[in-house]
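J.: Could you have a look at this structure, given as structure tokens, before my questions?
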Amino acid sequence: MSYVLGIDLGTSSLKGILMNEAGDLITTKSAEYKIDTPKQGYSEQRPEYWVVALEAVLTGLSVEVSDFGQNLAGISFSGQMHSLVVLDENNTPVYPAILWNDVRTSKQCAEITDKLGSRLLEITKNIALEGFTLPKILWLQENKPDVWARVKKIMLPKDYLSLWLTGNTYTEYSDAAGTLLLDIEKREWSKEIAETFNIDLSILPELTESTGQTGLIKAEIAERYKLSKAVKVFAGGADNAAAALGVGLINEEVGLISMGTSGVVSAYEPKIADYKGKLHFFDHTVPGAYYSMGVTLAAGNSLNWYKETFGKGLSFNELLSEVYTVAPGSEGLLFTPYIVGERTPHFDSKIRGSFVGISAHHEQRHFSRAVLEGITFSLRDSKDIMESTKGKKFKQLISVGGGAQNPDIMQMQADIFNAEMIRLTVEQGPGLGACMIAAYGCGFYDTLEEVTKAFVHYKEATFTPKPANVARYEKVYQIWKKAYQATAELSHELVDFNEEG
Ligand SMILES: Nc1ncnc2c1ncn2[C@@H]1O[C@H](COP(=O)(O)OP(=O)(O)O)[C@@H](O)[C@H]1O
Ligand SMILES: O=C(CO)[C@@H](O)[C@H](O)COP(=O)(O)O
């Protein structure tokens with residue numbers, strides 16, 4: 001039986017998930033990399049890190065799976081969104097990729113809003129936020145003109161891996177939508193936006209569907225991994241769009257929660273909707289469909305920060321082992337996960353995190369629970385906006401991302417969202433979506449619905465809301481919601497104070 005490989009280029013690691021054409025999991029492999037923070041607010045990765053990780057994953061797969069080279073038929077991707085990759089005429093990176101969680105571009109966002117006014121929302125269906133790609137381009141133009149002068153092509157992270165494998169430069173609609181350069185209705189790069197900011201249209205890669213083939217694996221790479229077939233490479237999707245496919249978000253019945261480095265709440269959208277910028281609105285990996293989403297900038301990232309700072313050397317399981325002993329509400333301790341600023345519902349790059357209500361009786365287990373609750377409350381903010389604008393409540397939510405591995409987090413999500421939480425049998429939503437794109441692209445199925453039936457399976461055991469916890473969380477969430485306003489001015493002053501040096 002043929003194999004398909006889904007590559008999820010995450011923010012903290014690259015995960016490869018190998019499945020057969022019938023939708024059975026063969027194995028997974030992953031390789032971590034670092035985020036460089038040369039200055040506060042900066043977040044960068046060298047595209048070379050991703051290639052090293054991809055090679056480690058391919059090597060691992062070819063060692064573990066004896067017929068990997070013989071049976072691999074197709075590869076596709078899911079990738080961290082918005083991060084800017086800039087290449088010269090030889091397709092060599094000329095600057096580190098500026099990542100989606102980098103907040104250096106507030107000035108450029110103001111400039112975009114100022115110059116485009118309402119046209120930005122009309123054309124892209126989104127507003128200017130630090131994480132998106134266009135402000136990063138403007139930052140390079142203004143601050144590194146010598147680098148910008150050498151840029152002959154820009155792309156998104158996963159497209160760089162596709163280029164490395166095939167030699168061809170493409171992107172697809174789901175990632176293009178997160179650049180602020182795509183005209184969503186016309187499905188083409190916006191000439192108006194590109195001209196306004198002196199961006200030559202020739203540096204933007206050709207657009208294809210997520211399921212579009214970008215090429216075949218180059219001969220020298222095929223030889224290295226002893227690939228005997230001509231392995232087809234498909235464009236893939238932005239990680240949240242690929243995850244949406246991977247969890248079966250191909251209709252409006254269910255919603256998606258992801259606790260990866262970022263936290264995301266998303267919903268399927270059959271046609272273009274106007275959320276007036278309150279939620280992001282992007283193309284799906286399903287051709288012609290869309291999805292809306294709200295983003296907590298630091299979900300897993302807050303937990304990582306907490307672990308590195310206060311639980312160094314502990315595993316996640318060790319760190320969180322006593323969380324269940326603390327009652328919902330962490331006995332009056334609150335945490336806001338704004339450690340790198342926030343997106344939804346507070347578009348604020350200068351807000352910072354806080355613990356509120358620390359008292360002498362709090363122990364580490366209270367802080368651990370408060371961190372998890374703060375992350376989940378922030379996701380609830382997005383979920384509530386989505387439900388109130390759509391006028392309907394999600395009864396079931398599919399939960400993915402690293403956080404979904406922990407049963408206490410899952411129960412907390414059920415109680416805070418007051419919804420049944422479901423997990424996938426294959427734990428990696430975005431990578432699974434990438435495998436599905438490859439399976440469809442290879443022609444193993446006629447429709448994405450058929451691929452979904454074969455590949456997407458939910459675990460039988462679900463997490464259901466406990467009424468007493470729901471009631472308690474409802475009260476504490478109302479208090480937690482006030483923490484943003486209560487700390488905003490202080491945070492802004494502190495950020496300014498710190499920047500002055
Ligand atoms: N066992 C675990 N329990 C709870 N959280 C976890 C666990 N393992 C990973 N995580 C969280 O999940 C995050 C990684 O999720 P992942 O979906 O792999 O992220 P990304 O795609 O951004 O690289 C980590 O930042 C961490 O906070
Ligand atoms: O910026 C966004 C979405 O707008 C992030 O969701 C990135 O796409 C990174 O995702 P993870 O690495 O957390 O999966």
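Every chain in the structure tokens has a letter given in the order shown (A, B, ...), and although residue numbers restart at 1 in each chain, ligands are simply numbered from 1 in the order shown.
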List all protein, DNA and RNA residues that have at least one atom no more than 7 Å from any atom of ligand 2, counting only C-alpha atoms and all ligand atoms, and write them as a JSON list (two decimals) with N, CA and C atoms, in the first residue's frame.
T.:
```json
[["chain", "number", "residue", "atom", "x", "y", "z"],
["A", 10, "GLY", "N", 5.71, 23.28, 12.79],
["A", 10, "GLY", "CA", 5.19, 24.06, 13.91],
["A", 10, "GLY", "C", 6.17, 25.13, 14.34],
["A", 11, "THR", "N", 5.83, 25.82, 15.41],
["A", 11, "THR", "CA", 6.71, 26.88, 15.90],
["A", 11, "THR", "C", 7.81, 26.30, 16.77],
["A", 12, "SER", "N", 7.49, 25.22, 17.49],
["A", 12, "SER", "CA", 8.52, 24.66, 18.37],
["A", 12, "SER", "C", 9.15, 23.38, 17.82],
["A", 79, "GLY", "N", 1.79, 24.49, 8.00],
["A", 79, "GLY", "CA", 2.91, 25.30, 8.50],
["A", 79, "GLY", "C", 2.45, 26.48, 9.33],
["A", 80, "GLN", "N", 3.30, 26.85, 10.30],
["A", 80, "GLN", "CA", 3.05, 28.07, 11.08],
["A", 80, "GLN", "C", 2.76, 29.19, 10.08],
["A", 81, "MET", "N", 1.80, 30.02, 10.43],
["A", 81, "MET", "CA", 1.29, 31.01, 9.47],
["A", 81, "MET", "C", 2.06, 32.35, 9.57],
["A", 82, "HIS", "N", 1.91, 33.16, 8.55],
["A", 82, "HIS", "CA", 2.30, 34.58, 8.52],
["A", 82, "HIS", "C", 3.80, 34.86, 8.51],
["A", 100, "TRP", "N", 5.38, 34.77, 13.29],
["A", 100, "TRP", "CA", 4.01, 35.24, 13.56],
["A", 100, "TRP", "C", 3.88, 35.85, 14.96],
["A", 101, "ASN", "N", 4.74, 35.43, 15.90],
["A", 101, "ASN", "CA", 4.59, 35.96, 17.27],
["A", 101, "ASN", "C", 5.61, 37.05, 17.58],
["A", 131, "GLY", "N", 1.42, 40.34, 13.85],
["A", 131, "GLY", "CA", 1.83, 39.00, 13.46],
["A", 131, "GLY", "C", 1.79, 38.75, 11.96],
["A", 238, "ALA", "N", -1.90, 26.47, 5.61],
["A", 238, "ALA", "CA", -1.59, 27.12, 6.88],
["A", 238, "ALA", "C", -1.96, 26.14, 7.99],
["A", 239, "ASP", "N", -1.19, 26.14, 9.10],
["A", 239, "ASP", "CA", -1.42, 25.05, 10.06],
["A", 239, "ASP", "C", -2.86, 25.01, 10.58],
["A", 240, "ASN", "N", -3.46, 26.17, 10.79],
["A", 240, "ASN", "CA", -4.82, 26.14, 11.32],
["A", 240, "ASN", "C", -5.84, 25.69, 10.28],
["A", 260, "GLY", "N", -1.53, 24.85, 20.80],
["A", 260, "GLY", "CA", -0.14, 24.63, 20.40],
["A", 260, "GLY", "C", 0.67, 25.73, 21.04],
["A", 261, "THR", "N", 1.70, 26.23, 20.35],
["A", 261, "THR", "CA", 2.44, 27.38, 20.87],
["A", 261, "THR", "C", 1.43, 28.53, 21.01],
["A", 262, "SER", "N", 0.65, 28.73, 19.96],
["A", 262, "SER", "CA", -0.47, 29.68, 20.06],
["A", 262, "SER", "C", -1.72, 28.90, 20.48],
["A", 263, "GLY", "N", -2.79, 29.62, 20.73],
["A", 263, "GLY", "CA", -4.07, 28.97, 21.00],
["A", 263, "GLY", "C", -5.07, 29.48, 19.99],
["A", 264, "VAL", "N", -5.88, 28.59, 19.47],
["A", 264, "VAL", "CA", -6.77, 28.98, 18.38],
["A", 264, "VAL", "C", -8.15, 28.38, 18.57],
["A", 295, "VAL", "N", -7.34, 34.14, 18.10],
["A", 295, "VAL", "CA", -6.01, 33.63, 18.48],
["A", 295, "VAL", "C", -5.55, 34.17, 19.83]]
```
J.: Using only C-alpha atoms and all ligand atoms, which residues have at least one atom no more than 9 Å from ligand 1? Output them as a PDB file with C-alpha atoms, in the first residue's frame.
T.:
```pdb
ATOM      1  CA  ASP A   8       3.683  19.948  10.209  1.00  0.00           C
ATOM      2  CA  LEU A   9       6.168  22.816  10.450  1.00  0.00           C
ATOM      3  CA  GLY A  10       5.186  24.062  13.909  1.00  0.00           C
ATOM      4  CA  THR A  11       6.707  26.883  15.897  1.00  0.00           C
ATOM      5  CA  SER A  12       8.523  24.655  18.371  1.00  0.00           C
ATOM      6  CA  SER A  13       9.072  21.518  16.297  1.00  0.00           C
ATOM      7  CA  LEU A  14       8.593  19.849  12.943  1.00  0.00           C
ATOM      8  CA  LYS A  15       6.402  16.772  13.069  1.00  0.00           C
ATOM      9  CA  GLU A  32      12.632  20.395  17.728  1.00  0.00           C
ATOM     10  CA  GLY A  79       2.908  25.302   8.503  1.00  0.00           C
ATOM     11  CA  GLN A  80       3.048  28.069  11.079  1.00  0.00           C
ATOM     12  CA  ASP A 239      -1.423  25.046  10.062  1.00  0.00           C
ATOM     13  CA  SER A 258      -5.963  24.168  19.351  1.00  0.00           C
ATOM     14  CA  MET A 259      -3.497  24.595  22.189  1.00  0.00           C
ATOM     15  CA  GLY A 260      -0.140  24.627  20.397  1.00  0.00           C
ATOM     16  CA  THR A 261       2.435  27.382  20.870  1.00  0.00           C
ATOM     17  CA  SER A 262      -0.468  29.685  20.055  1.00  0.00           C
ATOM     18  CA  GLY A 263      -4.071  28.966  21.005  1.00  0.00           C
ATOM     19  CA  ALA A 298       0.791  32.548  23.924  1.00  0.00           C
ATOM     20  CA  ALA A 299      -1.188  29.438  24.894  1.00  0.00           C
ATOM     21  CA  GLY A 300       1.324  26.555  25.003  1.00  0.00           C
ATOM     22  CA  ASN A 301       3.963  29.268  24.939  1.00  0.00           C
ATOM     23  CA  SER A 302       2.743  30.540  28.341  1.00  0.00           C
ATOM     24  CA  LEU A 303       2.895  27.014  29.728  1.00  0.00           C
ATOM     25  CA  ASN A 304       6.409  26.582  28.284  1.00  0.00           C
ATOM     26  CA  TRP A 305       7.516  29.871  29.798  1.00  0.00           C
ATOM     27  CA  LYS A 307       7.784  25.438  32.986  1.00  0.00           C
ATOM     28  CA  SER A 315       8.298  17.188  32.219  1.00  0.00           C
ATOM     29  CA  PHE A 316       4.842  18.596  31.456  1.00  0.00           C
ATOM     30  CA  ASN A 317       3.305  15.627  33.252  1.00  0.00           C
ATOM     31  CA  LEU A 319       4.745  19.953  36.341  1.00  0.00           C
ATOM     32  CA  LEU A 320       0.995  19.420  36.068  1.00  0.00           C
ATOM     33  CA  VAL A 400      -5.840  19.408  19.149  1.00  0.00           C
ATOM     34  CA  GLY A 401      -2.294  20.640  19.831  1.00  0.00           C
ATOM     35  CA  GLY A 402       0.203  19.631  22.511  1.00  0.00           C
ATOM     36  CA  GLY A 403      -2.149  20.687  25.328  1.00  0.00           C
ATOM     37  CA  ALA A 404      -4.743  18.110  24.280  1.00  0.00           C
ATOM     38  CA  GLN A 405      -2.392  15.387  25.568  1.00  0.00           C
ATOM     39  CA  ASN A 406      -3.213  16.297  29.171  1.00  0.00           C
ATOM     40  CA  PRO A 407      -6.547  14.995  30.584  1.00  0.00           C
ATOM     41  CA  ASP A 408      -6.759  17.768  33.220  1.00  0.00           C
ATOM     42  CA  ILE A 409      -6.501  20.375  30.457  1.00  0.00           C
ATOM     43  CA  GLN A 428      -1.757  15.620  15.337  1.00  0.00           C
ATOM     44  CA  GLY A 429      -4.522  17.645  13.663  1.00  0.00           C
ATOM     45  CA  PRO A 430      -2.428  19.833  11.320  1.00  0.00           C
TER      46      PRO A 430
END
```
J.: As a PyMOL selection string, which residues of region 249-433 of chain A does DSSP assign to alpha helix (DSSP H)?
T.: chain A and resi 300-310+316-319+364-390+407-417+429-433
J.: So which residues touch Ala230 (chain A) within 8 Å, counting only C-alpha atoms, skipping near sequence neighbours fewer than 5 positions away, as a list of chain:residue names?
T.: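 So the residues in contact are A:Ala73, A:Leu216, A:Ile217.
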J.: May I have the residues within 8 Å of region 151-153 of chain A as a ChimeraX atom specification, using only C-alpha atoms and disregarding those fewer than 5 positions away in the same chain?
T.: /A:86-89,91,94,202-205
J.: Export N, CA and C atoms of the chosen residues as a tab-separated table (two decimals), in the first residue's frame?
T.:
```tsv
chain	number	residue	atom	x	y	z
A	86	VAL	N	12.32	35.42	3.26
A	86	VAL	CA	12.77	36.27	2.15
A	86	VAL	C	13.98	35.64	1.47
A	87	LEU	N	13.90	35.52	0.13
A	87	LEU	CA	14.94	34.81	-0.63
A	87	LEU	C	15.54	35.70	-1.71
A	88	ASP	N	16.82	35.44	-2.06
A	88	ASP	CA	17.45	36.17	-3.17
A	88	ASP	C	17.21	35.41	-4.48
A	89	GLU	N	17.93	35.82	-5.55
A	89	GLU	CA	17.65	35.21	-6.87
A	89	GLU	C	18.05	33.73	-6.92
A	91	ASN	N	17.29	31.72	-4.51
A	91	ASN	CA	16.39	31.11	-3.52
A	91	ASN	C	17.08	30.84	-2.18
A	94	VAL	N	17.80	35.57	2.79
A	94	VAL	CA	18.69	36.71	3.01
A	94	VAL	C	18.50	37.34	4.39
A	202	SER	N	6.14	40.57	-8.77
A	202	SER	CA	6.95	39.41	-9.17
A	202	SER	C	7.62	38.72	-7.98
A	203	ILE	N	7.68	39.39	-6.82
A	203	ILE	CA	8.30	38.69	-5.68
A	203	ILE	C	7.29	37.80	-4.95
A	204	LEU	N	6.02	37.92	-5.32
A	204	LEU	CA	5.00	37.08	-4.67
A	204	LEU	C	4.89	35.76	-5.44
A	205	PRO	N	4.92	34.63	-4.73
A	205	PRO	CA	4.91	33.35	-5.44
A	205	PRO	C	3.59	33.06	-6.13
```
J.: Counting only C-alpha atoms, figure out which residue out of A:Gly374, A:Pro270, A:Gly288, A:Gly236 gets nearest to Arg187 (chain A).
T.: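 The answer is A:Gly288, which sits nearest to Arg187 (chain A).
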J.: Of the residues A:Arg46, A:Lys232, A:Arg104, A:Lys226, which is the one nearest to Tyr440 (chain A), using only C-alpha atoms?
T.: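 Smallest distance to Tyr440 (chain A) is found for A:Lys232.
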J.: Quick one: residues within 12 Å of Ser78 (chain A), only C-alpha atoms counted, chain neighbours fewer than 6 positions away excluded, as a VMD selection string?
T.: chain A and resid 5 to 11 14 to 17 156 to 162 171 to 172 174 to 175 210 to 211 234 to 246 284 to 285 428 to 438
J.: Considering only C-alpha atoms, return as a list in words whatever protein or nucleic-acid residues lie within 7 Å of Ala53 (chain A), sequence-local ones (same chain, fewer than 2 positions apart) excluded.
T.: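 What passes the distance filter is Leu14, Ala31, Glu32, Tyr49, Trp50, Val51, Glu55, Ala56 and Val57 of chain A.
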